[in-house]
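Below is protein.csv, which holds CSV, C-alpha atoms and all ligand atoms.
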```csv
chain,number,residue,atom,x,y,z
A,1,VAL,CA,-36.0,-84.9,-46.6
A,2,GLN,CA,-39.1,-83.2,-45.2
A,3,SER,CA,-41.3,-83.1,-48.3
A,4,ILE,CA,-41.3,-85.2,-51.4
A,5,ALA,CA,-43.1,-85.3,-54.7
A,6,VAL,CA,-43.9,-88.0,-57.1
A,7,LEU,CA,-44.5,-88.0,-60.9
A,8,THR,CA,-45.0,-90.5,-63.7
A,9,SER,CA,-43.2,-90.0,-67.0
A,10,GLY,CA,-42.8,-91.5,-70.5
A,11,GLY,CA,-45.0,-94.3,-71.7
A,12,ASP,CA,-47.5,-95.4,-69.0
A,13,SER,CA,-47.6,-99.0,-67.7
A,14,GLN,CA,-49.9,-101.0,-65.6
A,15,GLY,CA,-49.0,-100.7,-61.9
A,16,MET,CA,-47.9,-97.1,-62.1
A,17,ASN,CA,-51.0,-96.2,-59.9
A,18,ALA,CA,-50.1,-98.8,-57.4
A,19,ALA,CA,-46.6,-97.3,-57.3
A,20,VAL,CA,-48.0,-93.7,-56.8
A,21,ARG,CA,-50.2,-95.0,-54.0
A,22,ALA,CA,-47.2,-96.7,-52.3
A,23,VAL,CA,-45.1,-93.6,-52.5
A,24,VAL,CA,-47.8,-91.4,-51.1
A,25,ARG,CA,-48.9,-93.7,-48.3
A,26,SER,CA,-45.4,-94.6,-47.3
A,27,ALA,CA,-44.4,-90.9,-47.2
A,28,LEU,CA,-47.4,-90.0,-45.1
A,29,PHE,CA,-46.7,-93.0,-42.8
A,30,HIS,CA,-43.2,-91.7,-42.2
A,31,GLY,CA,-44.4,-88.2,-41.4
A,32,LEU,CA,-43.5,-86.5,-44.7
A,33,LYS,CA,-45.5,-84.0,-46.7
A,34,VAL,CA,-46.1,-85.5,-50.2
A,35,TYR,CA,-47.0,-83.8,-53.4
A,36,ALA,CA,-48.0,-85.1,-56.9
A,37,VAL,CA,-46.8,-83.5,-60.1
A,38,GLN,CA,-49.3,-83.9,-62.9
A,39,ARG,CA,-48.1,-84.7,-66.5
A,40,GLY,CA,-44.5,-85.7,-65.7
A,41,TYR,CA,-41.7,-83.2,-66.4
A,42,HIS,CA,-44.1,-81.0,-68.5
A,43,GLY,CA,-46.2,-80.4,-65.3
A,44,LEU,CA,-43.1,-79.8,-63.3
A,45,ILE,CA,-42.0,-77.0,-65.5
A,46,HIS,CA,-45.6,-75.6,-65.6
A,47,ASP,CA,-46.0,-75.8,-61.9
A,48,ASP,CA,-48.8,-78.4,-62.0
A,49,ILE,CA,-48.2,-79.6,-58.4
A,50,ARG,CA,-50.7,-80.5,-55.7
A,51,GLU,CA,-50.5,-81.8,-52.2
A,52,MET,CA,-51.7,-85.4,-51.6
A,53,ASP,CA,-53.3,-87.1,-48.7
A,54,LEU,CA,-54.3,-90.7,-47.8
A,55,ARG,CA,-57.6,-90.4,-49.8
A,56,SER,CA,-56.0,-89.0,-52.9
A,57,VAL,CA,-54.7,-92.4,-53.8
A,58,GLY,CA,-57.8,-94.4,-52.7
A,59,ASP,CA,-59.3,-96.9,-55.2
A,60,ILE,CA,-56.4,-96.8,-57.7
A,61,ILE,CA,-54.3,-99.9,-56.9
A,62,GLN,CA,-56.3,-101.9,-59.4
A,63,ARG,CA,-56.4,-99.3,-62.2
A,64,GLY,CA,-54.3,-99.2,-65.3
A,65,GLY,CA,-52.9,-96.0,-66.7
A,66,THR,CA,-51.7,-93.3,-64.3
A,67,ILE,CA,-53.9,-90.9,-62.4
A,68,LEU,CA,-51.0,-88.4,-62.6
A,69,GLN,CA,-51.0,-88.5,-66.4
A,70,THR,CA,-47.8,-88.7,-68.2
A,71,ALA,CA,-45.9,-86.8,-71.0
A,72,ARG,CA,-42.7,-86.6,-72.9
A,73,SER,CA,-41.3,-83.1,-72.4
A,74,LYS,CA,-38.8,-81.4,-74.9
A,75,GLU,CA,-38.6,-78.3,-72.7
A,76,PHE,CA,-37.2,-80.4,-69.8
A,77,MET,CA,-34.3,-81.4,-71.9
A,78,THR,CA,-32.9,-77.9,-71.6
A,79,LEU,CA,-30.9,-76.7,-68.6
A,80,GLU,CA,-33.4,-73.8,-68.2
A,81,GLY,CA,-36.3,-76.3,-68.1
A,82,GLN,CA,-34.5,-78.3,-65.4
A,83,GLN,CA,-33.8,-75.1,-63.3
A,84,ILE,CA,-37.4,-74.0,-63.5
A,85,GLY,CA,-38.6,-77.5,-62.5
A,86,ALA,CA,-36.2,-77.7,-59.5
A,87,GLU,CA,-37.3,-74.2,-58.5
A,88,ASN,CA,-41.0,-75.1,-58.6
A,89,LEU,CA,-40.2,-77.9,-56.1
A,90,ARG,CA,-38.0,-75.8,-53.9
A,91,LYS,CA,-40.5,-73.0,-53.5
A,92,ARG,CA,-42.8,-75.5,-51.8
A,93,GLY,CA,-40.1,-76.9,-49.6
A,94,ILE,CA,-40.0,-80.1,-51.6
A,95,ASP,CA,-36.5,-81.6,-51.5
A,96,GLY,CA,-37.1,-85.1,-52.8
A,97,LEU,CA,-38.7,-86.5,-55.9
A,98,VAL,CA,-39.7,-90.0,-57.0
A,99,VAL,CA,-39.8,-90.5,-60.7
A,100,ILE,CA,-41.8,-93.5,-62.0
A,101,GLY,CA,-40.9,-94.3,-65.6
A,102,GLY,CA,-38.3,-95.8,-68.0
A,103,ASP,CA,-35.0,-94.8,-69.4
A,104,GLY,CA,-35.7,-91.2,-70.5
A,105,SER,CA,-37.4,-90.5,-67.2
A,106,TYR,CA,-34.3,-91.6,-65.3
A,107,GLN,CA,-32.2,-89.2,-67.3
A,108,GLY,CA,-34.5,-86.4,-66.2
A,109,ALA,CA,-34.2,-87.5,-62.6
A,110,ASN,CA,-30.5,-87.4,-62.9
A,111,LYS,CA,-30.6,-83.8,-64.2
A,112,LEU,CA,-32.7,-82.8,-61.3
A,113,ARG,CA,-30.2,-84.3,-58.9
A,114,LEU,CA,-27.6,-82.0,-60.4
A,115,GLN,CA,-30.0,-79.1,-59.5
A,116,GLY,CA,-29.9,-80.2,-55.9
A,117,ILE,CA,-33.1,-82.2,-55.7
A,118,LYS,CA,-32.8,-85.7,-54.1
A,119,THR,CA,-34.2,-88.1,-56.7
A,120,MET,CA,-35.2,-91.8,-56.9
A,121,GLY,CA,-36.2,-93.6,-60.0
A,122,LEU,CA,-38.8,-96.4,-60.1
A,123,PRO,CA,-38.8,-98.7,-63.1
A,124,GLY,CA,-42.3,-98.2,-64.6
A,125,THR,CA,-42.4,-99.6,-68.2
A,126,ILE,CA,-43.9,-102.6,-69.9
A,127,ASP,CA,-40.7,-103.1,-71.9
A,128,ASN,CA,-38.5,-104.7,-69.1
A,129,ASP,CA,-35.5,-102.9,-70.6
A,130,ILE,CA,-34.1,-101.4,-67.4
A,131,PRO,CA,-30.9,-103.0,-66.0
A,132,PHE,CA,-30.3,-103.6,-62.3
A,133,THR,CA,-33.7,-104.9,-61.7
A,134,ASP,CA,-35.0,-108.3,-62.7
A,135,ILE,CA,-38.3,-106.9,-63.8
A,136,THR,CA,-40.1,-103.6,-64.4
A,137,ILE,CA,-43.6,-102.5,-63.2
A,138,GLY,CA,-46.1,-103.4,-66.0
A,139,PHE,CA,-44.1,-106.1,-67.7
A,140,ASP,CA,-46.0,-109.0,-66.0
A,141,THR,CA,-49.4,-107.5,-67.0
A,142,ALA,CA,-48.2,-106.8,-70.6
A,143,VAL,CA,-46.9,-110.3,-71.0
A,144,GLY,CA,-50.2,-111.7,-69.7
A,145,ILE,CA,-52.1,-109.7,-72.3
A,146,VAL,CA,-50.0,-111.0,-75.1
A,147,VAL,CA,-50.3,-114.6,-73.9
A,148,ASP,CA,-54.1,-114.2,-73.7
A,149,ALA,CA,-54.2,-112.8,-77.3
A,150,VAL,CA,-52.0,-115.6,-78.6
A,151,ASN,CA,-54.4,-118.2,-77.0
A,152,LYS,CA,-57.3,-116.6,-79.0
A,153,LEU,CA,-55.3,-116.4,-82.2
A,154,ARG,CA,-54.3,-120.0,-81.9
A,155,ASP,CA,-58.0,-121.1,-82.0
A,156,THR,CA,-58.7,-119.5,-85.2
A,157,MET,CA,-55.3,-120.2,-86.8
A,158,THR,CA,-55.8,-123.9,-86.1
A,159,SER,CA,-59.3,-123.9,-87.7
A,160,HIS,CA,-57.9,-122.4,-90.9
A,161,GLU,CA,-54.5,-124.1,-90.8
A,162,ARG,CA,-52.7,-120.7,-90.9
A,163,SER,CA,-49.7,-119.2,-89.4
A,164,SER,CA,-49.8,-116.0,-87.4
A,165,VAL,CA,-47.2,-113.3,-86.8
A,166,VAL,CA,-47.9,-111.3,-83.6
A,167,GLU,CA,-46.1,-108.0,-83.4
A,168,VAL,CA,-45.5,-106.9,-79.8
A,169,MET,CA,-44.1,-103.8,-78.1
A,170,GLY,CA,-40.8,-103.5,-76.3
A,171,ARG,CA,-38.9,-100.8,-78.2
A,172,HIS,CA,-35.4,-102.1,-78.6
A,173,CYS,CA,-35.9,-104.9,-76.1
A,174,GLY,CA,-37.2,-108.4,-77.0
A,175,ASP,CA,-38.4,-109.4,-73.5
A,176,ILE,CA,-42.1,-109.1,-74.1
A,177,ALA,CA,-41.8,-111.3,-77.2
A,178,LEU,CA,-39.5,-113.7,-75.4
A,179,TYR,CA,-41.5,-114.2,-72.2
A,180,ALA,CA,-44.9,-114.2,-74.0
A,181,GLY,CA,-43.5,-116.5,-76.7
A,182,LEU,CA,-42.2,-119.0,-74.1
A,183,ALA,CA,-45.4,-118.9,-72.1
A,184,SER,CA,-47.7,-119.3,-75.2
A,185,GLY,CA,-45.6,-122.0,-76.9
A,186,ALA,CA,-44.8,-119.9,-80.0
A,187,GLU,CA,-43.1,-121.7,-82.8
A,188,ALA,CA,-40.6,-118.8,-83.3
A,189,ILE,CA,-39.6,-115.7,-81.4
A,190,LEU,CA,-37.9,-112.9,-83.2
A,191,VAL,CA,-36.0,-110.4,-80.9
A,192,PRO,CA,-33.5,-107.7,-81.7
A,193,GLU,CA,-31.0,-109.3,-79.4
A,194,MET,CA,-30.6,-112.5,-81.5
A,195,PRO,CA,-30.0,-113.2,-85.2
A,196,PHE,CA,-32.7,-115.2,-87.1
A,197,ASP,CA,-33.2,-116.7,-90.5
A,198,LEU,CA,-36.7,-116.3,-92.0
A,199,ASP,CA,-36.0,-119.0,-94.7
A,200,GLN,CA,-35.1,-121.5,-92.0
A,201,ILE,CA,-38.2,-120.6,-90.0
A,202,SER,CA,-40.4,-121.0,-93.2
A,203,ALA,CA,-38.7,-124.4,-94.0
A,204,SER,CA,-39.3,-125.7,-90.5
A,205,MET,CA,-42.9,-124.5,-90.6
A,206,LYS,CA,-43.5,-126.3,-93.9
A,207,HIS,CA,-41.9,-129.5,-92.4
A,208,HIS,CA,-44.1,-129.4,-89.3
A,209,PHE,CA,-47.3,-128.6,-91.3
A,210,ALA,CA,-46.5,-131.6,-93.5
A,211,GLY,CA,-46.2,-133.7,-90.3
A,212,GLY,CA,-49.7,-132.7,-89.1
A,213,LYS,CA,-49.2,-129.3,-87.3
A,214,ARG,CA,-52.2,-127.1,-87.9
A,215,HIS,CA,-51.0,-123.7,-86.8
A,216,SER,CA,-47.9,-121.7,-86.1
A,217,ILE,CA,-47.3,-118.6,-84.0
A,218,ILE,CA,-44.4,-116.3,-84.6
A,219,LEU,CA,-43.8,-113.7,-82.0
A,220,VAL,CA,-42.1,-110.6,-83.3
A,221,ALA,CA,-40.7,-107.9,-81.1
A,222,GLU,CA,-41.2,-104.4,-82.7
A,223,GLY,CA,-37.5,-103.8,-82.4
A,224,VAL,CA,-36.9,-106.4,-85.2
A,225,GLY,CA,-39.1,-104.6,-87.8
A,226,LYS,CA,-42.7,-104.6,-89.0
A,227,GLY,CA,-44.7,-107.7,-88.4
A,228,GLU,CA,-46.4,-107.2,-91.7
A,229,ASP,CA,-43.2,-107.5,-93.7
A,230,ILE,CA,-42.2,-110.6,-91.9
A,231,ALA,CA,-45.6,-112.2,-92.4
A,232,ASN,CA,-45.4,-111.5,-96.2
A,233,ARG,CA,-41.9,-113.0,-96.5
A,234,ILE,CA,-43.0,-116.1,-94.6
A,235,THR,CA,-46.1,-116.6,-96.8
A,236,GLU,CA,-43.9,-116.2,-99.9
A,237,SER,CA,-41.2,-118.6,-98.9
A,238,SER,CA,-43.4,-121.3,-97.1
A,239,GLY,CA,-46.5,-121.2,-99.2
A,240,ILE,CA,-48.5,-121.3,-95.9
A,241,GLU,CA,-50.8,-118.4,-95.3
A,242,CYS,CA,-49.4,-116.1,-92.7
A,243,ARG,CA,-51.5,-113.4,-91.1
A,244,VAL,CA,-50.4,-110.6,-88.9
A,245,THR,CA,-51.8,-109.1,-85.7
A,246,VAL,CA,-50.2,-105.9,-84.2
A,247,LEU,CA,-51.2,-105.8,-80.6
A,248,GLY,CA,-50.2,-102.1,-80.0
A,249,HIS,CA,-51.3,-100.1,-77.0
A,250,ILE,CA,-53.6,-102.8,-75.8
A,251,GLN,CA,-50.5,-104.1,-74.1
A,252,ARG,CA,-50.2,-101.0,-72.0
A,253,GLY,CA,-53.8,-101.0,-70.6
A,254,GLY,CA,-56.0,-102.8,-68.1
A,255,SER,CA,-55.8,-103.8,-64.5
A,256,PRO,CA,-52.3,-104.7,-63.3
A,257,THR,CA,-51.6,-108.3,-62.2
A,258,HIS,CA,-51.1,-109.0,-58.5
A,259,ASN,CA,-47.4,-109.4,-59.3
A,260,ASP,CA,-47.2,-105.8,-60.7
A,261,ARG,CA,-49.2,-104.4,-57.8
A,262,ILE,CA,-46.9,-106.1,-55.2
A,263,LEU,CA,-43.7,-105.1,-57.1
A,264,ALA,CA,-45.0,-101.4,-57.3
A,265,SER,CA,-45.9,-101.4,-53.7
A,266,ARG,CA,-42.5,-102.7,-52.6
A,267,LEU,CA,-40.5,-100.4,-54.8
A,268,GLY,CA,-42.6,-97.3,-54.0
A,269,ASP,CA,-42.1,-97.8,-50.3
A,270,PHE,CA,-38.5,-98.6,-50.7
A,271,ALA,CA,-37.8,-95.4,-52.8
A,272,VAL,CA,-39.4,-93.3,-50.0
A,273,ARG,CA,-37.3,-95.1,-47.3
A,274,ARG,CA,-34.1,-94.5,-49.4
A,275,LEU,CA,-34.9,-90.8,-49.7
A,276,ILE,CA,-35.5,-90.6,-45.9
A,277,ALA,CA,-32.1,-92.3,-45.4
A,278,GLY,CA,-30.5,-89.5,-47.4
A,279,ASP,CA,-29.9,-91.4,-50.6
A,280,SER,CA,-30.2,-89.6,-54.0
A,281,GLY,CA,-29.6,-90.2,-57.7
A,282,LYS,CA,-30.6,-93.9,-57.4
A,283,ALA,CA,-32.9,-96.2,-59.3
A,284,VAL,CA,-34.6,-98.9,-57.2
A,285,GLY,CA,-35.2,-102.4,-58.4
A,286,VAL,CA,-35.6,-106.0,-57.3
A,287,ILE,CA,-32.8,-108.5,-57.9
A,288,GLN,CA,-33.5,-112.1,-56.8
A,289,ASN,CA,-36.2,-110.8,-54.6
A,290,GLU,CA,-33.9,-108.4,-52.8
A,291,LEU,CA,-34.7,-104.6,-53.0
A,292,VAL,CA,-31.7,-102.7,-54.4
A,293,ALA,CA,-30.8,-99.1,-55.2
A,294,THR,CA,-28.3,-98.5,-58.0
A,295,ASP,CA,-26.8,-95.2,-59.2
A,296,ILE,CA,-29.0,-93.8,-62.0
A,297,GLU,CA,-25.9,-92.9,-64.0
A,298,LYS,CA,-24.9,-96.5,-64.0
A,299,VAL,CA,-28.4,-97.7,-64.8
A,300,VAL,CA,-28.8,-95.3,-67.8
A,301,SER,CA,-25.4,-96.2,-69.2
A,302,THR,CA,-25.8,-100.0,-69.0
A,303,LYS,CA,-27.6,-102.1,-71.5
A,304,LYS,CA,-29.9,-104.7,-69.9
A,305,PRO,CA,-28.4,-108.2,-70.5
A,306,PHE,CA,-30.5,-110.5,-72.6
A,307,ASN,CA,-31.7,-113.8,-71.1
A,308,LYS,CA,-30.2,-116.2,-73.5
A,309,ASP,CA,-31.0,-119.2,-71.4
A,310,LEU,CA,-34.7,-118.5,-71.6
A,311,TYR,CA,-34.4,-117.9,-75.4
A,312,ASP,CA,-32.6,-121.2,-75.9
A,313,LEU,CA,-35.2,-123.0,-73.8
A,314,ALA,CA,-38.0,-121.5,-75.9
A,315,LEU,CA,-36.2,-122.8,-79.0
A,316,ARG,CA,-35.7,-126.3,-77.6
A,317,LEU,CA,-39.4,-126.5,-76.7
A,318,SER,CA,-40.8,-125.1,-79.9
A,319,GLN,CA,-40.2,-128.1,-82.2
B,1,LIG,O1,-41.9,-97.8,-73.7
B,1,LIG,C1,-43.2,-98.3,-73.8
B,1,LIG,C2,-43.7,-98.4,-75.2
B,1,LIG,O2,-45.0,-98.9,-75.1
B,1,LIG,C3,-42.9,-99.1,-76.2
B,1,LIG,O3,-43.0,-100.5,-76.0
B,1,LIG,C4,-43.3,-98.6,-77.5
B,1,LIG,O4,-42.3,-98.7,-78.5
B,1,LIG,C5,-43.6,-97.1,-77.2
B,1,LIG,O5,-43.8,-97.1,-75.7
B,1,LIG,C6,-44.8,-96.6,-77.8
B,1,LIG,O6,-44.9,-95.2,-77.6
B,1,LIG,P1,-46.1,-94.3,-77.8
B,1,LIG,O7,-47.1,-94.6,-76.8
B,1,LIG,O8,-45.6,-92.9,-77.8
B,1,LIG,O9,-46.7,-94.7,-79.2
```
Can you turn what I pasted into structure tokens?
Amino acid sequence: VQSIAVLTSGGDSQGMNAAVRAVVRSALFHGLKVYAVQRGYHGLIHDDIREMDLRSVGDIIQRGGTILQTARSKEFMTLEGQQIGAENLRKRGIDGLVVIGGDGSYQGANKLRLQGIKTMGLPGTIDNDIPFTDITIGFDTAVGIVVDAVNKLRDTMTSHERSSVVEVMGRHCGDIALYAGLASGAEAILVPEMPFDLDQISASMKHHFAGGKRHSIILVAEGVGKGEDIANRITESSGIECRVTVLGHIQRGGSPTHNDRILASRLGDFAVRRLIAGDSGKAVGVIQNELVATDIEKVVSTKKPFNKDLYDLALRLSQ
């Protein structure tokens, strides 16, 4: 490739800016021209593309959100939209594209590959729901935000001897609930990947409160259902007041952790180097600290395996 472009797409995540910076600086380092597409695939169709230089990505490694903005584009789902997008790249001599996003963004990258553009996907999502990488960019920061919120909730729950349901994001994936639950010592973690019994959770909570426990935290992944319904059912069956907190988009904002910045920097640079090596239609990731590139088609058609060991560990320690 001679010229490449970068875009962010789908829900944003902390560390996307660090990834954009890495792509731009690595491309320039390797002597390529590099462009940014504003507003994801929407901007690609509407020709919202500008050339980047070293300074265009200054002072962003620490910023949440994405300076390239992001969008979910219906137009791009049509063949015509994909052809227009590819043409807007080609007319500038751009033959490679790095797409930073999640599942849906990868599908778009694959469509562009079929239009002759060399594409690379970078896993940018707080959900950690992408297979063939141990972790996605933003997940570490999002989990940290949830853990911090649970620490605060615990203080006030203890004072009032209440129980607290905390609903977290993750779409169909329970990883934010699982990792934050383990790290914050939650009494129960409800994820879509595992069955659970609310009556049993209530009974165990009653038992522990009778034995001197003064608070209880239940982490609920949004893929399981509404936190409010779960809190109401627990209050009913346990007799212990259960309040609900929905953390929402707070989980997607704020400065990325150093782990997310390092991950984004490594993956951004790796994606550029794969494109230079002639690779296309791949999604990059890190598996056991090794950088890997996997066929996007394989990535989008595989469900990320659930970490049952971690789940069992959390259960064992939550007594
Ligand atoms: O994929 C990231 C994510 O934050 C999910 O966890 C959540 O279900 C969804 O995006 C929320 O989307 P929106 O920002 O469109 O409300």
Inset, instruction - Tell me which protein, DNA and RNA residues are within 10 Å of Ile276 (chain A), counting only C-alpha atoms, leaving out same-chain ones fewer than 2 positions away, and put them as a list in words. - result: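 Contacts, with the query itself left out: Val1, Gln2, Ser3, Ile4, Ala27, His30, Leu32, Gly96, Lys118, Phe270, Ala271, Val272, Arg273, Arg274, Gly278, Asp279 and Ser280 of chain A.
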Closest pair table for chain A residues within 10 Å of ligand LIG 1 (chain B), only C-alpha atoms and all ligand atoms, as a tab-separated table:
```
residue	atom	partner	partner_atom	distance
A:Gly10	CA	B:LIG1	O1	7.1
A:Gly11	CA	B:LIG1	C1	4.9
A:Asp12	CA	B:LIG1	C1	7.1
A:Ser13	CA	B:LIG1	C1	7.6
A:Ala71	CA	B:LIG1	O8	9.1
A:Arg72	CA	B:LIG1	O8	8.5
A:Gly101	CA	B:LIG1	O1	8.9
A:Gly102	CA	B:LIG1	O1	7.0
A:Asp103	CA	B:LIG1	O1	8.7
A:Gly104	CA	B:LIG1	O1	9.6
A:Gly124	CA	B:LIG1	O1	9.1
A:Thr125	CA	B:LIG1	C1	5.8
A:Ile126	CA	B:LIG1	C1	5.8
A:Asp127	CA	B:LIG1	O3	5.4
A:Asn128	CA	B:LIG1	O1	9.0
A:Asp129	CA	B:LIG1	O1	8.8
A:Gly138	CA	B:LIG1	C1	9.8
A:Phe139	CA	B:LIG1	C1	9.9
A:Ala142	CA	B:LIG1	O2	9.6
A:Val168	CA	B:LIG1	O3	7.9
A:Met169	CA	B:LIG1	O3	4.1
A:Gly170	CA	B:LIG1	O3	3.7
A:Arg171	CA	B:LIG1	O4	4.0
A:His172	CA	B:LIG1	O4	7.7
A:Cys173	CA	B:LIG1	O3	8.4
A:Gly174	CA	B:LIG1	O3	9.9
A:Ile176	CA	B:LIG1	O3	8.9
A:Ala221	CA	B:LIG1	O3	9.3
A:Glu222	CA	B:LIG1	O4	7.2
A:Gly223	CA	B:LIG1	O4	8.0
A:Gly248	CA	B:LIG1	O2	7.8
A:His249	CA	B:LIG1	O2	6.7
A:Ile250	CA	B:LIG1	O2	9.5
A:Gln251	CA	B:LIG1	O2	7.6
A:Arg252	CA	B:LIG1	O2	6.4
```
Inset, instruction - Determine the nearest neighbour of Pro131 (chain A) from the options A:Ala36, A:Leu315, A:Ile61, A:Ala293, counting only C-alpha atoms. - result: A:Ala293
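In this model, the gap between CA of Leu317 (chain A) and CA of Asp148 (chain A) comes to 19.4 Å.
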Legend entry - CA of Ile117 (chain A) to CA of Gly285 (chain A), distance in Å rounded to a single decimal: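 Computed distance, CA of Ile117 (chain A) to CA of Gly285 (chain A), equals 20.5 Å.
Of the listed residues (A:Ala5, A:Leu198, A:Ile100, A:Val299), A:Ile100 comes nearest to Ala264 (chain A); the distances count all atoms listed in the file.
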Inset, instruction - Tell me, in Å to one decimal, how far CA of Ala86 (chain A) is from CA of Asn17 (chain A). - result: 23.7 Å
Legend entry - Residue with smallest distance to Ile67 (chain A) - pool A:Gly40, A:Gly81, A:Gly281, A:Pro192, counting only C-alpha atoms: A:Gly40
Legend entry - Pick from A:Ile135, A:Ile240, A:Leu112, A:Ile296 nearest to Ala203 (chain A), counting all atoms listed in the file: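 Closest to Ala203 (chain A) of all the choices is A:Ile240.
With all atoms listed in the file taken into account, the protein and nucleic acid residues at most 9 Å from Ser184 (chain A) (excluding it and anything under 6 positions from it in its own chain) are Val146, Val147, Asp148, Val150, Asn151 and Ile217 of chain A.
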Inset, instruction - Counting all atoms listed in the file, figure out which residue out of A:Asn232, A:Ser255, A:Ser216, A:Asn307 gets nearest to Glu193 (chain A). - result: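 Looking only at the distances to Glu193 (chain A), the closest residue turns out to be A:Asn307.
Counting all atoms listed in the file and comparing A:Ala314, A:Val34, A:Val20, A:Ile189, the residue that lies closest to Asp269 (chain A) is A:Val20.
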Inset, instruction - Around the point (-48.1, -119.5, -91.8), in the coordinates given by the file, pick out the residues reaching within 12 Å, counting all atoms listed in the file, and return them as a ChimeraX atom specification. - result: /A:154,157-158,160-166,187-188,198,201-209,213-218,230-244
